[in-house]
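Colleague: PDB, C-alpha atoms, pLDDT in the B column, saved as final_39.pdb, coming up:
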```pdb
ATOM      1  CA  MET A  81       6.608   0.300  -0.914  1.00 91.00           C
ATOM      2  CA  ARG A  82       7.785  -1.225   2.350  1.00 93.00           C
ATOM      3  CA  ILE A  83       5.231  -1.838   5.082  1.00 94.00           C
ATOM      4  CA  SER A  84       5.405  -3.151   8.600  1.00 89.00           C
ATOM      5  CA  PRO A  85       2.003  -4.686   9.421  1.00 80.00           C
ATOM      6  CA  SER A  86       2.649  -4.795  13.180  1.00 78.00           C
ATOM      7  CA  ALA A  87       5.375  -4.117  15.706  1.00 75.00           C
ATOM      8  CA  GLY A  88       8.008  -6.820  15.550  1.00 77.00           C
ATOM      9  CA  ALA A  89       6.605  -8.302  12.342  1.00 81.00           C
ATOM     10  CA  PRO A  90       8.902  -8.608   9.348  1.00 88.00           C
ATOM     11  CA  VAL A  91       8.783  -5.803   6.822  1.00 91.00           C
ATOM     12  CA  GLU A  92       6.819  -6.649   3.685  1.00 92.00           C
ATOM     13  CA  GLU A  93       7.516  -5.176   0.280  1.00 94.00           C
ATOM     14  CA  ILE A  94       4.803  -4.366  -2.234  1.00 95.00           C
ATOM     15  CA  TYR A  95       6.076  -3.972  -5.776  1.00 94.00           C
ATOM     16  CA  GLY A  96       2.888  -3.913  -7.810  1.00 95.00           C
ATOM     17  CA  ILE A  97      -0.861  -3.883  -8.043  1.00 96.00           C
ATOM     18  CA  GLU A  98      -1.337  -7.627  -7.582  1.00 96.00           C
ATOM     19  CA  GLN A  99       0.702  -7.629  -4.365  1.00 96.00           C
ATOM     20  CA  ALA A 100      -1.204  -4.572  -3.160  1.00 97.00           C
ATOM     21  CA  LEU A 101      -4.524  -6.322  -3.771  1.00 97.00           C
ATOM     22  CA  ASP A 102      -3.311  -9.450  -1.953  1.00 96.00           C
ATOM     23  CA  PHE A 103      -2.323  -7.313   1.027  1.00 95.00           C
ATOM     24  CA  LEU A 104      -5.621  -5.408   1.053  1.00 96.00           C
ATOM     25  CA  GLN A 105      -7.743  -8.541   0.653  1.00 96.00           C
ATOM     26  CA  ASN A 106      -6.142  -9.931   3.819  1.00 94.00           C
ATOM     27  CA  TRP A 107      -6.773  -6.754   5.836  1.00 94.00           C
ATOM     28  CA  PRO A 108      -9.103  -7.380   8.824  1.00 94.00           C
ATOM     29  CA  VAL A 109     -12.732  -6.565   8.018  1.00 95.00           C
ATOM     30  CA  GLY A 110     -13.179  -4.717  11.305  1.00 93.00           C
ATOM     31  CA  ARG A 111     -10.387  -2.291  10.387  1.00 93.00           C
ATOM     32  CA  GLN A 112     -11.670  -1.426   6.904  1.00 95.00           C
ATOM     33  CA  GLY A 113     -12.719   2.192   6.648  1.00 96.00           C
ATOM     34  CA  PRO A 114     -13.037   4.826   3.934  1.00 97.00           C
ATOM     35  CA  LEU A 115      -9.284   5.047   3.238  1.00 96.00           C
ATOM     36  CA  PHE A 116      -9.053   1.272   2.990  1.00 97.00           C
ATOM     37  CA  GLN A 117     -11.976   1.232   0.571  1.00 98.00           C
ATOM     38  CA  ALA A 118     -10.428   3.999  -1.535  1.00 98.00           C
ATOM     39  CA  ALA A 119      -7.122   2.091  -1.701  1.00 98.00           C
ATOM     40  CA  PHE A 120      -8.851  -1.187  -2.530  1.00 98.00           C
ATOM     41  CA  ASP A 121     -11.042   0.399  -5.221  1.00 98.00           C
ATOM     42  CA  ALA A 122      -8.066   2.195  -6.782  1.00 98.00           C
ATOM     43  CA  CYS A 123      -5.898  -0.927  -6.794  1.00 98.00           C
ATOM     44  CA  PHE A 124      -8.698  -3.040  -8.212  1.00 98.00           C
ATOM     45  CA  GLY A 125      -9.346  -0.401 -10.855  1.00 98.00           C
ATOM     46  CA  ALA A 126      -5.673  -0.366 -11.762  1.00 97.00           C
ATOM     47  CA  SER A 127      -5.670  -4.159 -12.072  1.00 97.00           C
ATOM     48  CA  VAL A 128      -8.274  -3.901 -14.837  1.00 97.00           C
ATOM     49  CA  ASP A 129      -6.739  -0.794 -16.440  1.00 96.00           C
ATOM     50  CA  VAL A 130      -9.538   1.562 -15.390  1.00 97.00           C
ATOM     51  CA  VAL A 131      -7.492   3.560 -12.846  1.00 97.00           C
ATOM     52  CA  PRO A 132      -3.933   4.804 -13.468  1.00 97.00           C
ATOM     53  CA  THR A 133      -1.311   2.851 -11.520  1.00 96.00           C
ATOM     54  CA  GLU A 134       0.030   6.084 -10.011  1.00 96.00           C
ATOM     55  CA  GLU A 135      -3.396   6.873  -8.548  1.00 97.00           C
ATOM     56  CA  ALA A 136      -3.594   3.395  -7.015  1.00 97.00           C
ATOM     57  CA  CYS A 137      -0.133   3.839  -5.519  1.00 96.00           C
ATOM     58  CA  ARG A 138      -1.128   7.185  -3.998  1.00 97.00           C
ATOM     59  CA  ALA A 139      -4.306   5.690  -2.517  1.00 97.00           C
ATOM     60  CA  LEU A 140      -2.434   2.727  -1.036  1.00 97.00           C
ATOM     61  CA  THR A 141       0.292   5.002   0.320  1.00 96.00           C
ATOM     62  CA  ALA A 142      -2.312   7.245   1.972  1.00 96.00           C
ATOM     63  CA  PHE A 143      -3.997   4.234   3.564  1.00 97.00           C
ATOM     64  CA  CYS A 144      -0.690   2.829   4.827  1.00 95.00           C
ATOM     65  CA  ARG A 145       0.500   6.205   6.107  1.00 94.00           C
ATOM     66  CA  VAL A 146      -2.690   6.894   8.091  1.00 94.00           C
ATOM     67  CA  SER A 147      -2.742   3.306   9.371  1.00 93.00           C
ATOM     68  CA  GLY A 148       0.873   3.556  10.554  1.00 92.00           C
ATOM     69  CA  LEU A 149       2.025   0.745   8.284  1.00 93.00           C
ATOM     70  CA  LEU A 150       4.836   2.432   6.379  1.00 91.00           C
ATOM     71  CA  ALA A 151       8.194   0.952   7.305  1.00 88.00           C
ATOM     72  CA  ARG A 152      11.093   3.244   8.036  1.00 75.00           C
ATOM     73  CA  ASP A 153      13.896   3.023   5.511  1.00 61.00           C
ATOM     74  CA  ALA A 154      17.109   2.113   7.343  1.00 42.00           C
ATOM     75  CA  ALA A 155      19.245   3.757   4.669  1.00 40.00           C
ATOM     76  CA  MET A 156      17.543   7.126   5.117  1.00 43.00           C
ATOM     77  CA  PRO A 157      16.635   7.686   8.787  1.00 47.00           C
ATOM     78  CA  GLY A 158      13.531   9.793   9.281  1.00 48.00           C
ATOM     79  CA  THR A 159      11.993   8.962   5.916  1.00 45.00           C
ATOM     80  CA  SER A 160       9.673   6.196   4.883  1.00 45.00           C
ATOM     81  CA  ALA A 161      10.379   3.772   2.100  1.00 43.00           C
ATOM     82  CA  ALA A 162       7.246   5.007   0.327  1.00 43.00           C
ATOM     83  CA  GLU A 163       8.864   8.416   0.000  1.00 46.00           C
ATOM     84  CA  ALA A 164      11.954   6.821  -1.513  1.00 41.00           C
ATOM     85  CA  LEU A 165       9.951   4.553  -3.856  1.00 42.00           C
ATOM     86  CA  PRO A 166       6.722   6.406  -4.657  1.00 44.00           C
ATOM     87  CA  ARG A 167       5.575   4.286  -7.621  1.00 54.00           C
ATOM     88  CA  PHE A 168       4.731   0.687  -8.374  1.00 63.00           C
ATOM     89  CA  ASN A 169       6.828  -0.978 -11.051  1.00 55.00           C
TER      90      ASN A 169
END
```
When written as structure tokens, how does the structure in this file appear?

Modeller:
Amino acid sequence: MRISPSAGAPVEEIYGIEQALDFLQNWPVGRQGPLFQAAFDACFGASVDVVPTEEACRALTAFCRVSGLLARDAAMPGTSAAEALPRFN
């Protein structure tokens, strides 16, 4: 999954659960809502093999989509990288 945390910031790539957790743990406390919590809980659950990885990916994708973080894929204008790479490795 490719995300763009803010306008003009470099695109970051998240390839797995550990990277997803690192990203979420650094998310500003004041911007943590129900979708953030669902993504964090799912990713944490996946890190301890309680939640399927695919479910964690869906939760993180939903959080990033609603938060406007998904980067646009230059190779496929009009689509997000999350649509091109819907699963963690």

Colleague: Pick out the residues sitting within 6 Å of region 97-99 of chain A, and hand them over as a ChimeraX atom specification; count all atoms listed in the file, and ignore anything fewer than 3 positions along from it in its own chain.

Modeller: /A:94,102,123

Colleague: Could you take the residues named above and write them with C-alpha atoms, as a short mmCIF file (atom, residue, chain, number, x, y, z; two decimals), keeping the file's coordinate frame?

Modeller:
```cif
data_model
loop_
_atom_site.label_atom_id
_atom_site.label_comp_id
_atom_site.auth_asym_id
_atom_site.auth_seq_id
_atom_site.Cartn_x
_atom_site.Cartn_y
_atom_site.Cartn_z
CA ILE A 94 4.80 -4.37 -2.23
CA ASP A 102 -3.31 -9.45 -1.95
CA CYS A 123 -5.90 -0.93 -6.79
#
```

Colleague: If we draw a sphere of 6 Å around (-7.6, -1.7, 3.7), which residues have at least one atom in it when counting all atoms listed in the file? Please report them as a PyMOL selection string.

Modeller: chain A and resi 104+107+112+116

Colleague: I'd like to see the residues matched by the PyMOL selection byres ((chain A and resi 142) around 12) on this file, and ideally I'd get them as a ChimeraX atom specification.

Modeller: /A:81,114-120,122,135-141,143-150,162-163,166

Colleague: Mind giving me the straight-line distance from CA of Glu134 (chain A) to CA of Arg111 (chain A) in Å, one decimal?

Modeller: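 Computing it gives 24.4 Å between the two atoms.
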
Colleague: Using only C-alpha atoms, determine which residues lie at most 7 Å from Glu92 (chain A), disregarding the query and same-chain residues fewer than 2 positions distant; provide the list as a ChimeraX atom specification.

Modeller: /A:82-84,90,94

Colleague: Between CA of Val109 (chain A) and CA of Gly88 (chain A), what is the spacing in Å?

Modeller: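 Those two atoms sit 22.1 Å apart.
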
Colleague: Find the distance between CA of Arg152 (chain A) and CA of Gly113 (chain A) and write it in Å to one decimal.

Modeller: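 CA of Gly113 (chain A) lies at a distance of 23.9 Å from CA of Arg152 (chain A).
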
Colleague: Kindly reconstruct region 120-136 of chain A with N, CA and C atoms and present the result as a short mmCIF file (atom, residue, chain, number, x, y, z; two decimals), keeping the file's coordinate frame.

Modeller:
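Writing done, so here's selection.cif:
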```
data_model
loop_
_atom_site.label_atom_id
_atom_site.label_comp_id
_atom_site.auth_asym_id
_atom_site.auth_seq_id
_atom_site.Cartn_x
_atom_site.Cartn_y
_atom_site.Cartn_z
N PHE A 120 -8.43 0.06 -1.88
CA PHE A 120 -8.85 -1.19 -2.53
C PHE A 120 -9.47 -0.91 -3.90
N ASP A 121 -10.38 0.07 -3.95
CA ASP A 121 -11.04 0.40 -5.22
C ASP A 121 -10.04 0.86 -6.27
N ALA A 122 -9.07 1.70 -5.84
CA ALA A 122 -8.07 2.19 -6.78
C ALA A 122 -7.17 1.06 -7.28
N CYS A 123 -6.76 0.19 -6.39
CA CYS A 123 -5.90 -0.93 -6.79
C CYS A 123 -6.65 -1.90 -7.69
N PHE A 124 -7.91 -2.17 -7.36
CA PHE A 124 -8.70 -3.04 -8.21
C PHE A 124 -8.88 -2.40 -9.59
N GLY A 125 -9.19 -1.12 -9.59
CA GLY A 125 -9.35 -0.40 -10.86
C GLY A 125 -8.08 -0.44 -11.69
N ALA A 126 -6.94 -0.30 -11.04
CA ALA A 126 -5.67 -0.37 -11.76
C ALA A 126 -5.42 -1.76 -12.31
N SER A 127 -5.89 -2.78 -11.61
CA SER A 127 -5.67 -4.16 -12.07
C SER A 127 -6.44 -4.48 -13.35
N VAL A 128 -7.49 -3.70 -13.61
CA VAL A 128 -8.27 -3.90 -14.84
C VAL A 128 -8.14 -2.71 -15.78
N ASP A 129 -7.09 -1.93 -15.57
CA ASP A 129 -6.74 -0.79 -16.44
C ASP A 129 -7.82 0.28 -16.53
N VAL A 130 -8.53 0.50 -15.43
CA VAL A 130 -9.54 1.56 -15.39
C VAL A 130 -9.00 2.77 -14.63
N VAL A 131 -8.09 2.52 -13.68
CA VAL A 131 -7.49 3.56 -12.85
C VAL A 131 -5.99 3.57 -13.13
N PRO A 132 -5.40 4.75 -13.27
CA PRO A 132 -3.93 4.80 -13.47
C PRO A 132 -3.19 4.19 -12.27
N THR A 133 -2.11 3.49 -12.57
CA THR A 133 -1.31 2.85 -11.52
C THR A 133 -0.83 3.86 -10.49
N GLU A 134 -0.46 5.06 -10.94
CA GLU A 134 0.03 6.08 -10.01
C GLU A 134 -1.05 6.48 -9.00
N GLU A 135 -2.29 6.54 -9.45
CA GLU A 135 -3.40 6.87 -8.55
C GLU A 135 -3.59 5.77 -7.51
N ALA A 136 -3.47 4.52 -7.94
CA ALA A 136 -3.59 3.40 -7.02
C ALA A 136 -2.47 3.43 -5.99
#
```
